[in-house]
Amino acid sequence: MNFETQAIHAGQDPDPLTGAVVTPVYLTSTYKQDGVGGTRGGYEYSRTANPTRAALETCLAALENGTHAFAFASGMAAEDCLIRTLCRPGDTVPIPGDAYGGTFRLFDKVLTTWGVEYGTVRQTDLQAVADFASQRRPRLIWTESPTNPLLSIVDIPALAEIAHGCGALLVVDNTFASPYLQRPLDFGADIVIHSTTKYLGGHSDVVGGAIVVKDPGQAKDLAFNQNATGAVAGPFDAWLTLRGVKTLAVRMDRHCANAARVAAMLGEHPAVAEVLYPGLPGHPGHELAVKQMRDFGGMVSFRLRDGEEAAVAMCGRTRLFTLGESLGGVESLIEHPARMTHASAAESPLAVPPDLVRLSVGIEDADDLLADLRQALG
Ligand SMILES: Cc1ncc(COP(=O)(O)O)c(C=O)c1O
């Protein structure tokens with residue numbers, strides 16, 4: 001089945017009991033057993049497994065071309081479970097020099113207290129990653145592409161080769177691209193993680209996360225730890241996410257088309273110093289993005305000539321772009337990463353430029369979006 005078909009059908013056969021076409025929300029914590037140990041379909045308790053969550057997990061595994069997926073209460077819960085499954089005290093993980101601020105905070109403030117260290121490496125510099133890997137022998141390499149919020153593109157096949165060359169696993173945070181635009185497992189990555197809060201859910205109405213793997217041994221360990229630590233997606237959250245996933249392809253096409261027009265307009269605007277969008281031929285990761293991605297995504301960042309105050313002021317002047325954190329929903333959002341999503345990375349190697357504005361370009365009419373940005377830029 002092709003992607004669009006899988007998004008609507010994988011894991012979503014009509015309900016065997018009633019024929020309901022849409023996967024029901026199984027709001028139950030437990031399941032009747034037919035005699036001790038006599039579970040129906042293996043369901044015994046909803047932390048361990050729930051049919052609505054299972055439908056989402058089957059669908060996500062299919063969309064990323066993995067074998068197993070695990071749905072969590074948030075992207076951060078997925079990251080935490082994954083790292084604690086794979087790493088042990090004494091391990092050091094290379095993370096991108098411009099990773100999502102929350103990922104940085106997890107490593108910097110939580111995991112270091114449990115003996116898992118991290119090193120920031122500019123992962124567009126493959127030699128730097130290779131040097132780090134040969135010196136520190138990490139158990140895993142953590143990457144994002146495109147990165148949040150600077151939209152850098154890393155060479156996923158090359159990073160996979162470096163990781164495997166030193167016995168490590170490559171983990172890709174695929175939140176910004178979504179599986180419709182990029183499938184890291186097809187390029188040699190071992191594990192994909194998502195904040196499903198973003199494009200997969202797509203409607204800014206649910207927080208969730210996911211891990212997708214292609215190795216049954218890793219799947220077994222993750223299933224154990226997902227149940228043991230318990231930060232699972234609830235049935236209604238899983239249902240909302242699954243409903244969003246059905247329209248991922250059509251939404252992404254429109255996000256990309258609108259973002260391309262926004263990036264082109266910003267590139268010509270006198271108030272804008274630099275536009276960061278992998279679809280622009282001048283972007284340093286453009287060629288790689290052409291190879292790895294179906295299209296260039298709905299996120300656009302840019303820097304203002306007049307600096308931080310101009311960036312902050314612009315964020316307060318848009319009428320259609322809502323000032324807010326998060327991304328990937330149908331409605332357009334604007335934010336100031338240095339003071340909002342990436343405030344936790346302030347004064348660290350991951351601090352973002354203060355004159356940077358990040359847009360999550362929604363699927364509204366592109367002319368309306370351009371008009372709003374023009375009036376806000378002044
Ligand atoms: C790239 C990326 N990864 C992970 C996360 C964390 O996901 P969540 O907010 O669902 O916990 C985010 C959230 O913004 C993100 O942008």
# chains A, B, ... in the order shown; residues from 1 in each chain; ligands from 1
$ closest_atom_pairs --of "chain A" --to "ligand 1" --cutoff "7 Å" --atoms "only C-alpha atoms and all ligand atoms" --output "JSON lines"
{"residue": "A:Ser74", "atom": "CA", "partner": "ligand 1", "partner_atom_place_in_ligand_line": "10 (O)", "distance": 4.1}
{"residue": "A:Gly75", "atom": "CA", "partner": "ligand 1", "partner_atom_place_in_ligand_line": "7 (O)", "distance": 3.4}
{"residue": "A:Met76", "atom": "CA", "partner": "ligand 1", "partner_atom_place_in_ligand_line": "11 (O)", "distance": 3.9}
{"residue": "A:Ala77", "atom": "CA", "partner": "ligand 1", "partner_atom_place_in_ligand_line": "11 (O)", "distance": 6.5}
{"residue": "A:Tyr100", "atom": "CA", "partner": "ligand 1", "partner_atom_place_in_ligand_line": "1 (C)", "distance": 5.2}
{"residue": "A:Gly102", "atom": "CA", "partner": "ligand 1", "partner_atom_place_in_ligand_line": "6 (C)", "distance": 6.3}
{"residue": "A:Thr103", "atom": "CA", "partner": "ligand 1", "partner_atom_place_in_ligand_line": "4 (C)", "distance": 6.5}
{"residue": "A:Glu144", "atom": "CA", "partner": "ligand 1", "partner_atom_place_in_ligand_line": "1 (C)", "distance": 6.8}
{"residue": "A:Thr147", "atom": "CA", "partner": "ligand 1", "partner_atom_place_in_ligand_line": "1 (C)", "distance": 6.8}
{"residue": "A:Asn148", "atom": "CA", "partner": "ligand 1", "partner_atom_place_in_ligand_line": "1 (C)", "distance": 5.6}
{"residue": "A:Asp173", "atom": "CA", "partner": "ligand 1", "partner_atom_place_in_ligand_line": "3 (N)", "distance": 6.1}
{"residue": "A:Thr175", "atom": "CA", "partner": "ligand 1", "partner_atom_place_in_ligand_line": "1 (C)", "distance": 5.1}
{"residue": "A:Phe176", "atom": "CA", "partner": "ligand 1", "partner_atom_place_in_ligand_line": "1 (C)", "distance": 6.1}
{"residue": "A:His194", "atom": "CA", "partner": "ligand 1", "partner_atom_place_in_ligand_line": "3 (N)", "distance": 6.3}
{"residue": "A:Ser195", "atom": "CA", "partner": "ligand 1", "partner_atom_place_in_ligand_line": "7 (O)", "distance": 4.1}
{"residue": "A:Thr196", "atom": "CA", "partner": "ligand 1", "partner_atom_place_in_ligand_line": "10 (O)", "distance": 6.2}
{"residue": "A:Thr197", "atom": "CA", "partner": "ligand 1", "partner_atom_place_in_ligand_line": "10 (O)", "distance": 4.9}
{"residue": "A:Val207", "atom": "CA", "partner": "ligand 1", "partner_atom_place_in_ligand_line": "10 (O)", "distance": 5.2}
{"residue": "A:Gly208", "atom": "CA", "partner": "ligand 1", "partner_atom_place_in_ligand_line": "10 (O)", "distance": 5.0}
{"residue": "A:Gly209", "atom": "CA", "partner": "ligand 1", "partner_atom_place_in_ligand_line": "10 (O)", "distance": 5.4}
{"residue": "A:Ser326", "atom": "CA", "partner": "ligand 1", "partner_atom_place_in_ligand_line": "14 (O)", "distance": 5.4}
$ write_last_selection --atoms "all heavy atoms" --output "tab-separated table (two decimals), in the first residue's frame"
chain	number	residue	atom	x	y	z
A	74	SER	N	3.66	12.11	25.47
A	74	SER	CA	4.25	13.32	24.87
A	74	SER	C	5.52	12.91	24.14
A	74	SER	O	6.04	11.79	24.35
A	74	SER	CB	4.58	14.36	25.94
A	74	SER	OG	5.68	13.92	26.72
A	75	GLY	N	6.02	13.83	23.33
A	75	GLY	CA	7.30	13.57	22.66
A	75	GLY	C	8.42	13.39	23.68
A	75	GLY	O	9.29	12.54	23.53
A	76	MET	N	8.39	14.20	24.74
A	76	MET	CA	9.44	14.10	25.75
A	76	MET	C	9.39	12.76	26.49
A	76	MET	O	10.41	12.19	26.84
A	76	MET	CB	9.37	15.27	26.75
A	76	MET	CG	9.65	16.63	26.15
A	76	MET	SD	11.06	16.73	25.01
A	76	MET	CE	12.39	16.13	26.02
A	77	ALA	N	8.17	12.26	26.73
A	77	ALA	CA	8.04	10.95	27.39
A	77	ALA	C	8.65	9.87	26.49
A	77	ALA	O	9.32	8.94	26.97
A	77	ALA	CB	6.57	10.64	27.68
A	100	TYR	N	16.23	20.59	19.50
A	100	TYR	CA	15.06	21.15	20.19
A	100	TYR	C	15.43	21.42	21.65
A	100	TYR	O	16.06	20.57	22.30
A	100	TYR	CB	13.89	20.15	20.08
A	100	TYR	CG	12.76	20.47	21.02
A	100	TYR	CD1	12.11	21.69	20.96
A	100	TYR	CD2	12.36	19.56	21.99
A	100	TYR	CE1	11.09	22.00	21.85
A	100	TYR	CE2	11.33	19.85	22.86
A	100	TYR	CZ	10.71	21.08	22.80
A	100	TYR	OH	9.71	21.38	23.67
A	102	GLY	N	13.88	21.34	24.43
A	102	GLY	CA	13.41	20.38	25.42
A	102	GLY	C	14.28	19.13	25.44
A	102	GLY	O	14.50	18.51	26.49
A	103	THR	N	14.78	18.75	24.28
A	103	THR	CA	15.69	17.59	24.20
A	103	THR	C	16.99	17.94	24.92
A	103	THR	O	17.52	17.15	25.71
A	103	THR	CB	15.98	17.24	22.72
A	103	THR	OG1	14.73	16.96	22.08
A	103	THR	CG2	16.92	16.06	22.59
A	144	GLU	N	18.42	15.38	14.59
A	144	GLU	CA	17.15	15.94	14.14
A	144	GLU	C	17.39	16.44	12.72
A	144	GLU	O	18.47	16.96	12.44
A	144	GLU	CB	16.83	17.22	14.93
A	144	GLU	CG	15.96	17.09	16.12
A	144	GLU	CD	15.78	18.46	16.80
A	144	GLU	OE1	15.33	19.43	16.15
A	144	GLU	OE2	16.11	18.54	17.99
A	147	THR	N	16.30	20.65	11.74
A	147	THR	CA	16.40	20.94	13.17
A	147	THR	C	15.43	22.06	13.56
A	147	THR	O	15.01	22.87	12.73
A	147	THR	CB	17.82	21.38	13.55
A	147	THR	OG1	18.19	22.51	12.75
A	147	THR	CG2	18.82	20.26	13.38
A	148	ASN	N	15.14	22.08	14.85
A	148	ASN	CA	14.25	23.07	15.45
A	148	ASN	C	15.10	24.03	16.27
A	148	ASN	O	15.71	23.58	17.24
A	148	ASN	CB	13.24	22.32	16.35
A	148	ASN	CG	12.27	23.23	17.04
A	148	ASN	OD1	12.25	24.42	16.80
A	148	ASN	ND2	11.45	22.66	17.91
A	173	ASP	N	15.06	12.34	15.26
A	173	ASP	CA	13.81	13.02	15.61
A	173	ASP	C	13.23	13.55	14.30
A	173	ASP	O	13.75	14.49	13.71
A	173	ASP	CB	14.10	14.16	16.61
A	173	ASP	CG	12.83	14.87	17.07
A	173	ASP	OD1	11.83	14.83	16.34
A	173	ASP	OD2	12.87	15.48	18.15
A	175	THR	N	10.23	14.83	13.75
A	175	THR	CA	9.04	15.63	14.02
A	175	THR	C	8.80	16.69	12.94
A	175	THR	O	7.67	16.88	12.49
A	175	THR	CB	9.19	16.33	15.39
A	175	THR	OG1	9.31	15.33	16.40
A	175	THR	CG2	8.00	17.23	15.70
A	176	PHE	N	9.85	17.40	12.53
A	176	PHE	CA	9.66	18.52	11.60
A	176	PHE	C	9.27	18.04	10.20
A	176	PHE	O	8.55	18.73	9.50
A	176	PHE	CB	10.95	19.36	11.52
A	176	PHE	CG	10.91	20.55	12.43
A	176	PHE	CD1	10.37	20.48	13.69
A	176	PHE	CD2	11.43	21.78	12.01
A	176	PHE	CE1	10.34	21.58	14.54
A	176	PHE	CE2	11.41	22.89	12.84
A	176	PHE	CZ	10.86	22.79	14.11
A	194	HIS	N	9.14	10.85	17.45
A	194	HIS	CA	8.26	11.95	17.04
A	194	HIS	C	7.64	12.63	18.23
A	194	HIS	O	7.29	11.96	19.21
A	194	HIS	CB	7.06	11.42	16.22
A	194	HIS	CG	7.37	11.21	14.78
A	194	HIS	ND1	7.46	12.24	13.89
A	194	HIS	CD2	7.61	10.07	14.09
A	194	HIS	CE1	7.74	11.76	12.69
A	194	HIS	NE2	7.84	10.45	12.78
A	195	SER	N	7.46	13.91	18.12
A	195	SER	CA	6.43	14.58	18.89
A	195	SER	C	5.21	14.51	17.98
A	195	SER	O	5.10	15.27	17.01
A	195	SER	CB	6.83	16.03	19.17
A	195	SER	OG	5.70	16.71	19.68
A	196	THR	N	4.27	13.59	18.28
A	196	THR	CA	3.07	13.47	17.44
A	196	THR	C	2.12	14.65	17.66
A	196	THR	O	1.14	14.81	16.93
A	196	THR	CB	2.32	12.15	17.72
A	196	THR	OG1	2.01	12.09	19.12
A	196	THR	CG2	3.15	10.93	17.35
A	197	THR	N	2.45	15.45	18.68
A	197	THR	CA	1.75	16.71	18.93
A	197	THR	C	1.73	17.58	17.67
A	197	THR	O	0.83	18.40	17.50
A	197	THR	CB	2.53	17.49	20.01
A	197	THR	OG1	2.90	16.61	21.07
A	197	THR	CG2	1.77	18.67	20.54
A	207	VAL	N	-1.43	16.30	22.78
A	207	VAL	CA	0.02	16.17	23.00
A	207	VAL	C	0.34	14.68	22.98
A	207	VAL	O	-0.36	13.88	23.62
A	207	VAL	CB	0.41	16.81	24.35
A	207	VAL	CG1	1.86	16.50	24.70
A	207	VAL	CG2	0.20	18.31	24.31
A	208	GLY	N	1.38	14.30	22.25
A	208	GLY	CA	1.74	12.88	22.19
A	208	GLY	C	3.13	12.69	21.61
A	208	GLY	O	3.74	13.61	21.07
A	209	GLY	N	3.62	11.47	21.76
A	209	GLY	CA	4.94	11.15	21.21
A	209	GLY	C	4.97	9.72	20.72
A	209	GLY	O	4.06	8.93	21.02
A	326	SER	N	4.69	25.52	19.93
A	326	SER	CA	4.25	24.36	19.16
A	326	SER	C	4.24	24.67	17.66
A	326	SER	O	4.61	25.79	17.23
A	326	SER	CB	2.89	23.84	19.60
A	326	SER	OG	2.74	22.50	19.17
$ residues_around --residues "Pro179 in chain A" --least-positions-apart "5" --cutoff "10 Å" --atoms "only C-alpha atoms" --output "ChimeraX atom specification"
/A:3,60,62-65,174,184-185,192,194,199-200,248-249,293-294
$ write_last_selection --atoms "C-alpha atoms" --output "tab-separated table (two decimals), in the first residue's frame"
chain	number	residue	atom	x	y	z
A	3	PHE	CA	1.63	6.11	2.00
A	60	LEU	CA	2.84	4.77	12.73
A	62	ALA	CA	3.70	1.34	8.71
A	63	LEU	CA	4.15	5.03	7.87
A	64	GLU	CA	7.79	5.06	9.00
A	65	ASN	CA	8.45	1.67	7.38
A	174	ASN	CA	11.57	13.21	12.53
A	184	PRO	CA	14.86	7.99	8.16
A	185	LEU	CA	14.68	4.20	8.57
A	192	VAL	CA	12.71	7.36	14.73
A	194	HIS	CA	8.26	11.95	17.04
A	199	TYR	CA	2.30	17.31	12.08
A	200	LEU	CA	1.12	13.77	12.82
A	248	LEU	CA	-1.23	13.92	6.93
A	249	ALA	CA	-0.35	13.74	3.23
A	293	MET	CA	12.90	14.68	1.60
A	294	ARG	CA	9.85	14.60	-0.66
$ select_by_dssp --residues "range 159-205 of chain A" --states "alpha helix (DSSP H)" --output "ChimeraX atom specification"
/A:159-165,178-181
$ closest_residue --among "A:Leu140, A:Val212, A:Val22, A:Leu369" --to "Gly66 in chain A" --atoms "only C-alpha atoms"
A:Val212
$ residues_around --residues "Glu335 in chain A" --least-positions-apart "3" --cutoff "12 Å" --atoms "only C-alpha atoms" --output "MDAnalysis selection string"
chainID A and resid 149 299:302 311:318 321:327 332 338:343 354:361
$ atom_distance --atom1 "CA of Ala71 in chain A" --atom2 "CA of Ala233 in chain A"
5.6 Å
